[in-house]
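Enquirer: Here it is, the structure, as structure tokens.
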Amino acid sequence: MGRNKINGETKIPQHIAIIMDGNGRWAKKRLMPRSFGHKKGMERMIGLMEHAFDLGVPYVTVYALSTENLTRPEEELNGLYDLIRNHFEGYMDRFCEKGVRLRIIGETHRLPADVQEIIARVEEKTKGCVGKGVNVALCYGSRAEIVRAVNLAVEQGKTVTEADVSSLLYTAGQPDPDLMIRTGKEIRLSNFLLWQSAYAELYFSDKMFPDFSDKDLEKAIVWFSSRTRRFGKTDEQVECLH
């Protein structure tokens, strides 16, 4: 793995968020249907998450389906739902065996009823797991998540603070992402974890997601490790903390 190899001095992110972009374009380039790209993307998603845990990353969140994606052609959406029907539970069982908790974040009530049953069953299997977590964003939009959290706070009669909002987000109880990775040549957040990623380091790759390898993940982590994370402080103040 050369210079990108993880070593004992590498700072490992506590939470990596990944915008898995480029599956459809990857398939189109190979004269294959978009559904083929999504299947390869799911396989790569599982492999990357497993590698991240092996490297010591405790939390991973992946952007699988946005609320805006629901406007895509019915054929493509049905292909995505079939991937969940045919493969999701089997893949997630691999994480259950490792004591990783699964959360599906987003407006899951908008998914087909049988798909909702599958993801609920997998979530139930892992609800007792602590210390490691996978969040899969399905029918997810960050602005809607923030509005939901604020409405929950109002219903509880709270004067809303930042801590209140954080405690009512889908990712409550987890550290905020400190590394956000986006593949597919796009340089934007696309309504993904806007609140949680306020201080995340942003890493953009030109590779389409099915081509984003374990080595590419390590390269991103090594890049993250080289960053000085100030959180509004000066270099001198950060040095004093160490």
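Each chain in the structure tokens gets a letter, A, B, ..., in the order shown, and its residues are numbered from 1; ligands are numbered from 1 in order too.
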Hey, what's within 9 Å of Ser166 (chain A) if we count only C-alpha atoms and toss same-chain stuff fewer than 5 positions away? As an mmCIF file with N, CA, C and O atoms, in the first residue's frame, please?
Expert:
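Result file selection_34.cif:
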data_model
loop_
_atom_site.group_PDB
_atom_site.id
_atom_site.type_symbol
_atom_site.label_atom_id
_atom_site.label_comp_id
_atom_site.auth_asym_id
_atom_site.auth_seq_id
_atom_site.Cartn_x
_atom_site.Cartn_y
_atom_site.Cartn_z
ATOM 1 N N ILE A 146 -33.349 18.146 10.377
ATOM 2 C CA ILE A 146 -33.228 19.261 11.321
ATOM 3 C C ILE A 146 -34.615 19.792 11.701
ATOM 4 O O ILE A 146 -34.893 20.050 12.882
ATOM 5 N N ALA A 149 -36.166 17.444 14.148
ATOM 6 C CA ALA A 149 -35.599 17.572 15.481
ATOM 7 C C ALA A 149 -36.158 18.796 16.203
ATOM 8 O O ALA A 149 -36.497 18.740 17.394
ATOM 9 N N THR A 161 -31.896 24.489 22.157
ATOM 10 C CA THR A 161 -30.466 24.762 22.163
ATOM 11 C C THR A 161 -29.798 23.842 21.140
ATOM 12 O O THR A 161 -30.420 22.908 20.633
ATOM 13 N N THR A 171 -28.762 10.642 14.459
ATOM 14 C CA THR A 171 -27.449 10.156 14.902
ATOM 15 C C THR A 171 -27.181 10.463 16.368
ATOM 16 O O THR A 171 -26.031 10.428 16.810
ATOM 17 N N ALA A 172 -28.201 10.758 17.134
ATOM 18 C CA ALA A 172 -28.029 11.098 18.550
ATOM 19 C C ALA A 172 -27.231 10.021 19.274
ATOM 20 O O ALA A 172 -27.430 8.821 19.060
ATOM 21 N N GLY A 173 -26.295 10.481 20.117
ATOM 22 C CA GLY A 173 -25.473 9.565 20.886
ATOM 23 C C GLY A 173 -24.198 9.133 20.193
ATOM 24 O O GLY A 173 -23.369 8.433 20.791
ATOM 25 N N TRP A 195 -26.001 19.404 9.664
ATOM 26 C CA TRP A 195 -25.756 19.798 11.058
ATOM 27 C C TRP A 195 -24.538 19.066 11.611
ATOM 28 O O TRP A 195 -23.624 19.673 12.178
ATOM 29 N N GLN A 196 -24.529 17.762 11.425
ATOM 30 C CA GLN A 196 -23.489 16.937 12.028
ATOM 31 C C GLN A 196 -22.103 17.210 11.443
ATOM 32 O O GLN A 196 -21.087 16.994 12.107
#
Enquirer: Set the distance at 6 Å and use only C-alpha atoms: which residues neighbour Val136 (chain A) once local chain neighbours fewer than 4 positions away are removed? I'd like the list as a count of residues only.
Expert: 3
Enquirer: As a list in words, please: the residues near Gly24 (chain A) (cut-off 7 Å, only C-alpha atoms, same-chain neighbours under 6 positions excluded).
Expert: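 Close residues of Gly24 (chain A): Arg34, Gly37 and His38 of chain A.
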Enquirer: Output all heavy atoms for every residue in that selection, as a compact mmCIF listing (two decimals), in the first residue's frame.
Expert:
# COMPACT_ATOMS: atom_id res chain seq x y z
N ARG A 34 -28.22 0.99 -15.04
CA ARG A 34 -27.88 1.65 -13.78
C ARG A 34 -28.01 0.69 -12.59
O ARG A 34 -27.26 0.80 -11.62
CB ARG A 34 -28.77 2.88 -13.57
CG ARG A 34 -28.50 3.99 -14.59
CD ARG A 34 -29.45 5.17 -14.36
NE ARG A 34 -29.22 5.81 -13.09
CZ ARG A 34 -28.32 6.78 -12.88
NH1 ARG A 34 -27.57 7.20 -13.88
NH2 ARG A 34 -28.18 7.32 -11.69
N GLY A 37 -24.83 -0.90 -11.72
CA GLY A 37 -23.95 -0.02 -10.95
C GLY A 37 -24.35 0.05 -9.49
O GLY A 37 -23.48 0.07 -8.60
N HIS A 38 -25.65 0.06 -9.22
CA HIS A 38 -26.10 0.11 -7.83
C HIS A 38 -25.74 -1.18 -7.09
O HIS A 38 -25.39 -1.13 -5.90
CB HIS A 38 -27.61 0.36 -7.78
CG HIS A 38 -28.00 1.73 -8.23
ND1 HIS A 38 -27.40 2.88 -7.75
CD2 HIS A 38 -28.93 2.14 -9.14
CE1 HIS A 38 -27.94 3.93 -8.33
NE2 HIS A 38 -28.86 3.52 -9.16
Enquirer: Would you mind telling me which residue in A:Ser35, A:Gln174, A:Asn23, A:Gln116 lies nearest to Val134 (chain A) when using only C-alpha atoms?
Expert: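 For Val134 (chain A), the nearest of the candidates is A:Gln174.
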Enquirer: I'd like the contact shell of Thr108 (chain A) - 7 Å cut-off, only C-alpha atoms, skipping same-chain residues fewer than 2 positions apart - returned as a list in words.
Expert: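 Here the answer would be Gly106, Arg110, Leu111, Gln116, Leu138 and Cys139 of chain A.
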Enquirer: Run DSSP on the backbone of this structure and report the residues of region 49-242 of chain A it assigns to helix (DSSP H, G or I), as a ChimeraX atom specification.
Expert: /A:49-55,68-71,74-96,108-110,113-126,142-155,162-168,209-211,214-226,235-241
Enquirer: From the set A:Ile221, A:Ala200, A:Ala120, A:Leu194, which residue has the shortest atom-to-atom contact distance to Ile12 (chain A), counting only C-alpha atoms?
Expert: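 Between A:Ile221, A:Ala200, A:Ala120, A:Leu194, the residue approaching Ile12 (chain A) most closely is A:Ile221.
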Enquirer: Separation of CA of Glu68 (chain A) and CA of Leu83 (chain A), in Å?
Expert: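 Computing the Euclidean distance for CA of Glu68 (chain A) and CA of Leu83 (chain A) yields 19.1 Å.
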Enquirer: DSSP says strand (DSSP E) for which residues of region 4-228 of chain A? Put them as a PyMOL selection string?
Expert: chain A and resi 15-19+59-66+101-105+133-140+179-182+201-204
Enquirer: So that I have them on file, write out the residues from the current selection with C-alpha atoms, as a PDB file, in the first residue's frame.
Expert:
ATOM      1  CA  HIS A  15     -16.922   8.792  12.344  1.00  0.00           C
ATOM      2  CA  ILE A  16     -16.667   8.689   8.550  1.00  0.00           C
ATOM      3  CA  ALA A  17     -19.577   9.796   6.373  1.00  0.00           C
ATOM      4  CA  ILE A  18     -19.591   8.733   2.723  1.00  0.00           C
ATOM      5  CA  ILE A  19     -21.609  10.129  -0.177  1.00  0.00           C
ATOM      6  CA  TYR A  59     -18.871   4.786  13.152  1.00  0.00           C
ATOM      7  CA  VAL A  60     -19.670   4.909   9.439  1.00  0.00           C
ATOM      8  CA  THR A  61     -22.632   6.638   7.781  1.00  0.00           C
ATOM      9  CA  VAL A  62     -23.401   6.066   4.101  1.00  0.00           C
ATOM     10  CA  TYR A  63     -25.773   8.023   1.870  1.00  0.00           C
ATOM     11  CA  ALA A  64     -27.737   5.357  -0.005  1.00  0.00           C
ATOM     12  CA  LEU A  65     -30.927   7.155  -1.105  1.00  0.00           C
ATOM     13  CA  SER A  66     -31.890  10.799  -0.732  1.00  0.00           C
ATOM     14  CA  ARG A 101     -25.324  -1.568  15.601  1.00  0.00           C
ATOM     15  CA  LEU A 102     -27.294  -0.687  12.477  1.00  0.00           C
ATOM     16  CA  ARG A 103     -29.496   2.379  12.181  1.00  0.00           C
ATOM     17  CA  ILE A 104     -31.517   3.301   9.105  1.00  0.00           C
ATOM     18  CA  ILE A 105     -31.848   7.086   9.097  1.00  0.00           C
ATOM     19  CA  GLY A 133     -22.322   1.720  14.436  1.00  0.00           C
ATOM     20  CA  VAL A 134     -23.401   1.768  10.801  1.00  0.00           C
ATOM     21  CA  ASN A 135     -25.937   4.340   9.673  1.00  0.00           C
ATOM     22  CA  VAL A 136     -27.532   3.815   6.258  1.00  0.00           C
ATOM     23  CA  ALA A 137     -29.331   6.928   5.017  1.00  0.00           C
ATOM     24  CA  LEU A 138     -32.465   5.938   3.070  1.00  0.00           C
ATOM     25  CA  CYS A 139     -35.047   8.498   1.945  1.00  0.00           C
ATOM     26  CA  TYR A 140     -32.840  10.951   3.826  1.00  0.00           C
ATOM     27  CA  LEU A 179     -14.300  12.986   7.850  1.00  0.00           C
ATOM     28  CA  MET A 180     -16.773  13.347   4.989  1.00  0.00           C
ATOM     29  CA  ILE A 181     -15.894  11.537   1.744  1.00  0.00           C
ATOM     30  CA  ARG A 182     -17.647  12.104  -1.566  1.00  0.00           C
ATOM     31  CA  GLU A 201     -12.961  17.540   6.967  1.00  0.00           C
ATOM     32  CA  LEU A 202     -14.245  17.245   3.382  1.00  0.00           C
ATOM     33  CA  TYR A 203     -12.509  14.825   1.012  1.00  0.00           C
ATOM     34  CA  PHE A 204     -13.542  14.628  -2.645  1.00  0.00           C
TER      35      PHE A 204
END
Enquirer: Which residues are close to Asp93 (chain A), i.e. within 12 Å by only C-alpha atoms, leaving aside same-chain residues fewer than 5 positions away? Reply as number ranges by chain.
Expert: A: 46, 87-88, 98-102, 118-119, 121-126
Enquirer: Take the selection from the previous step and output its residues with all heavy atoms, as a compact mmCIF listing (two decimals), in the first residue's frame.
Expert:
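Output saved as part-v6.txt:
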# COMPACT_ATOMS: atom_id res chain seq x y z
N ILE A 46 -20.32 -2.38 1.43
CA ILE A 46 -20.08 -3.35 2.49
C ILE A 46 -18.59 -3.54 2.71
O ILE A 46 -18.09 -3.55 3.84
CB ILE A 46 -20.75 -4.70 2.16
CG1 ILE A 46 -22.28 -4.52 2.03
CG2 ILE A 46 -20.43 -5.73 3.23
CD1 ILE A 46 -22.96 -3.97 3.25
N HIS A 87 -30.54 -8.67 -0.85
CA HIS A 87 -29.16 -8.73 -0.35
C HIS A 87 -28.93 -8.05 1.01
O HIS A 87 -27.99 -8.41 1.71
CB HIS A 87 -28.20 -8.08 -1.36
CG HIS A 87 -28.26 -8.69 -2.72
ND1 HIS A 87 -27.73 -9.94 -2.99
CD2 HIS A 87 -28.79 -8.23 -3.89
CE1 HIS A 87 -27.92 -10.22 -4.27
NE2 HIS A 87 -28.56 -9.21 -4.84
N PHE A 88 -29.76 -7.08 1.35
CA PHE A 88 -29.45 -6.21 2.49
C PHE A 88 -29.32 -6.98 3.79
O PHE A 88 -28.34 -6.81 4.53
CB PHE A 88 -30.52 -5.12 2.62
CG PHE A 88 -30.18 -4.05 3.61
CD1 PHE A 88 -29.28 -3.05 3.30
CD2 PHE A 88 -30.76 -4.03 4.87
CE1 PHE A 88 -28.97 -2.06 4.20
CE2 PHE A 88 -30.45 -3.05 5.78
CZ PHE A 88 -29.55 -2.06 5.45
N LYS A 98 -20.27 -8.95 14.26
CA LYS A 98 -19.15 -8.17 14.79
C LYS A 98 -19.59 -7.20 15.89
O LYS A 98 -18.80 -6.39 16.36
CB LYS A 98 -18.47 -7.40 13.67
CG LYS A 98 -17.82 -8.29 12.62
CD LYS A 98 -17.12 -7.47 11.55
CE LYS A 98 -16.46 -8.37 10.52
NZ LYS A 98 -15.71 -7.60 9.49
N GLY A 99 -20.85 -7.26 16.28
CA GLY A 99 -21.34 -6.39 17.34
C GLY A 99 -21.53 -4.95 16.92
O GLY A 99 -21.43 -4.03 17.73
N VAL A 100 -21.83 -4.74 15.64
CA VAL A 100 -22.04 -3.39 15.11
C VAL A 100 -23.54 -3.09 15.08
O VAL A 100 -24.33 -3.87 14.56
CB VAL A 100 -21.46 -3.26 13.69
CG1 VAL A 100 -21.74 -1.87 13.11
CG2 VAL A 100 -19.96 -3.54 13.70
N ARG A 101 -23.91 -1.95 15.62
CA ARG A 101 -25.32 -1.57 15.60
C ARG A 101 -25.68 -0.89 14.28
O ARG A 101 -24.95 -0.03 13.80
CB ARG A 101 -25.65 -0.62 16.76
CG ARG A 101 -27.14 -0.25 16.77
CD ARG A 101 -27.54 0.62 17.93
NE ARG A 101 -28.96 0.94 17.88
CZ ARG A 101 -29.59 1.71 18.76
NH1 ARG A 101 -28.91 2.26 19.77
NH2 ARG A 101 -30.88 1.95 18.64
N LEU A 102 -26.80 -1.28 13.71
CA LEU A 102 -27.29 -0.69 12.48
C LEU A 102 -28.45 0.26 12.77
O LEU A 102 -29.38 -0.08 13.50
CB LEU A 102 -27.77 -1.77 11.51
CG LEU A 102 -28.51 -1.26 10.27
CD1 LEU A 102 -27.54 -0.58 9.31
CD2 LEU A 102 -29.26 -2.38 9.57
N ILE A 118 -38.02 -5.35 6.28
CA ILE A 118 -36.66 -5.91 6.25
C ILE A 118 -35.71 -5.08 7.10
O ILE A 118 -34.97 -5.61 7.93
CB ILE A 118 -36.16 -6.00 4.79
CG1 ILE A 118 -36.94 -7.06 4.02
CG2 ILE A 118 -34.65 -6.30 4.75
CD1 ILE A 118 -36.70 -7.03 2.52
N ILE A 119 -35.73 -3.76 6.90
CA ILE A 119 -34.77 -2.93 7.63
C ILE A 119 -35.12 -2.88 9.12
O ILE A 119 -34.22 -2.82 9.96
CB ILE A 119 -34.67 -1.52 7.02
CG1 ILE A 119 -36.01 -0.80 7.06
CG2 ILE A 119 -34.16 -1.59 5.59
CD1 ILE A 119 -35.95 0.63 6.50
N ARG A 121 -36.34 -5.34 10.81
CA ARG A 121 -35.89 -6.61 11.36
C ARG A 121 -34.39 -6.59 11.63
O ARG A 121 -33.92 -7.06 12.67
CB ARG A 121 -36.24 -7.73 10.37
CG ARG A 121 -35.96 -9.13 10.88
CD ARG A 121 -36.71 -10.18 10.09
NE ARG A 121 -36.34 -10.20 8.68
CZ ARG A 121 -37.18 -9.93 7.67
NH1 ARG A 121 -38.44 -9.60 7.93
NH2 ARG A 121 -36.77 -9.98 6.43
N VAL A 122 -33.63 -6.01 10.70
CA VAL A 122 -32.18 -5.96 10.88
C VAL A 122 -31.82 -5.00 12.02
O VAL A 122 -30.92 -5.28 12.82
CB VAL A 122 -31.48 -5.54 9.57
CG1 VAL A 122 -29.98 -5.46 9.77
CG2 VAL A 122 -31.80 -6.53 8.46
N GLU A 123 -32.51 -3.86 12.09
CA GLU A 123 -32.25 -2.93 13.19
C GLU A 123 -32.51 -3.58 14.53
O GLU A 123 -31.77 -3.38 15.50
CB GLU A 123 -33.12 -1.68 13.03
CG GLU A 123 -32.64 -0.69 11.99
CD GLU A 123 -33.44 0.60 12.01
OE1 GLU A 123 -34.67 0.53 11.81
OE2 GLU A 123 -32.84 1.66 12.23
N GLU A 124 -33.57 -4.36 14.62
CA GLU A 124 -33.93 -5.03 15.87
C GLU A 124 -32.84 -6.00 16.31
O GLU A 124 -32.52 -6.11 17.49
CB GLU A 124 -35.26 -5.77 15.69
CG GLU A 124 -35.73 -6.53 16.93
CD GLU A 124 -36.10 -5.63 18.09
OE1 GLU A 124 -36.38 -4.44 17.86
OE2 GLU A 124 -36.10 -6.12 19.24
N LYS A 125 -32.22 -6.69 15.35
CA LYS A 125 -31.18 -7.66 15.66
C LYS A 125 -29.99 -7.01 16.37
O LYS A 125 -29.32 -7.65 17.18
CB LYS A 125 -30.67 -8.33 14.38
CG LYS A 125 -31.59 -9.34 13.76
CD LYS A 125 -30.90 -9.93 12.52
CE LYS A 125 -31.80 -10.91 11.79
NZ LYS A 125 -31.12 -11.45 10.57
N THR A 126 -29.72 -5.74 16.04
CA THR A 126 -28.48 -5.12 16.51
C THR A 126 -28.71 -4.05 17.57
O THR A 126 -27.75 -3.38 17.97
CB THR A 126 -27.73 -4.47 15.33
OG1 THR A 126 -28.48 -3.36 14.82
CG2 THR A 126 -27.49 -5.46 14.21
Enquirer: Choose the residue, out of A:Pro112, A:Thr71, A:Asp211, A:Asp164, that has the smallest atom-to-atom separation from Glu43 (chain A); count only C-alpha atoms.
Expert: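 Going through A:Pro112, A:Thr71, A:Asp211, A:Asp164 one by one, the smallest distance to Glu43 (chain A) is for A:Asp211.
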Enquirer: Can you tell me which residues surround Thr10 (chain A) at a distance of at most 9 Å, considering only C-alpha atoms, apart from same-chain residues fewer than 5 positions away, and format the answer as a list of chain:residue names?
Expert: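 Here the answer would be A:Ile221, A:Val222, A:Phe224, A:Ser225, A:Ser226.
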Enquirer: Quick one: write out the picked residues with N, CA, C and O atoms as an mmCIF file, in the first residue's frame?
Expert:
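That gives us again-v1.cif:
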data_model
loop_
_atom_site.group_PDB
_atom_site.id
_atom_site.type_symbol
_atom_site.label_atom_id
_atom_site.label_comp_id
_atom_site.auth_asym_id
_atom_site.auth_seq_id
_atom_site.Cartn_x
_atom_site.Cartn_y
_atom_site.Cartn_z
ATOM 1 N N ILE A 221 -7.925 8.657 4.829
ATOM 2 C CA ILE A 221 -7.660 8.706 6.270
ATOM 3 C C ILE A 221 -6.286 9.312 6.545
ATOM 4 O O ILE A 221 -6.118 10.106 7.491
ATOM 5 N N VAL A 222 -5.298 8.951 5.741
ATOM 6 C CA VAL A 222 -3.968 9.546 5.904
ATOM 7 C C VAL A 222 -4.038 11.051 5.663
ATOM 8 O O VAL A 222 -3.432 11.846 6.390
ATOM 9 N N PHE A 224 -6.692 12.916 6.158
ATOM 10 C CA PHE A 224 -7.372 13.434 7.344
ATOM 11 C C PHE A 224 -6.383 13.597 8.496
ATOM 12 O O PHE A 224 -6.396 14.600 9.217
ATOM 13 N N SER A 225 -5.526 12.600 8.665
ATOM 14 C CA SER A 225 -4.561 12.616 9.762
ATOM 15 C C SER A 225 -3.593 13.786 9.654
ATOM 16 O O SER A 225 -3.068 14.260 10.670
ATOM 17 N N SER A 226 -3.362 14.263 8.438
ATOM 18 C CA SER A 226 -2.421 15.371 8.235
ATOM 19 C C SER A 226 -3.044 16.728 8.511
ATOM 20 O O SER A 226 -2.336 17.733 8.592
#
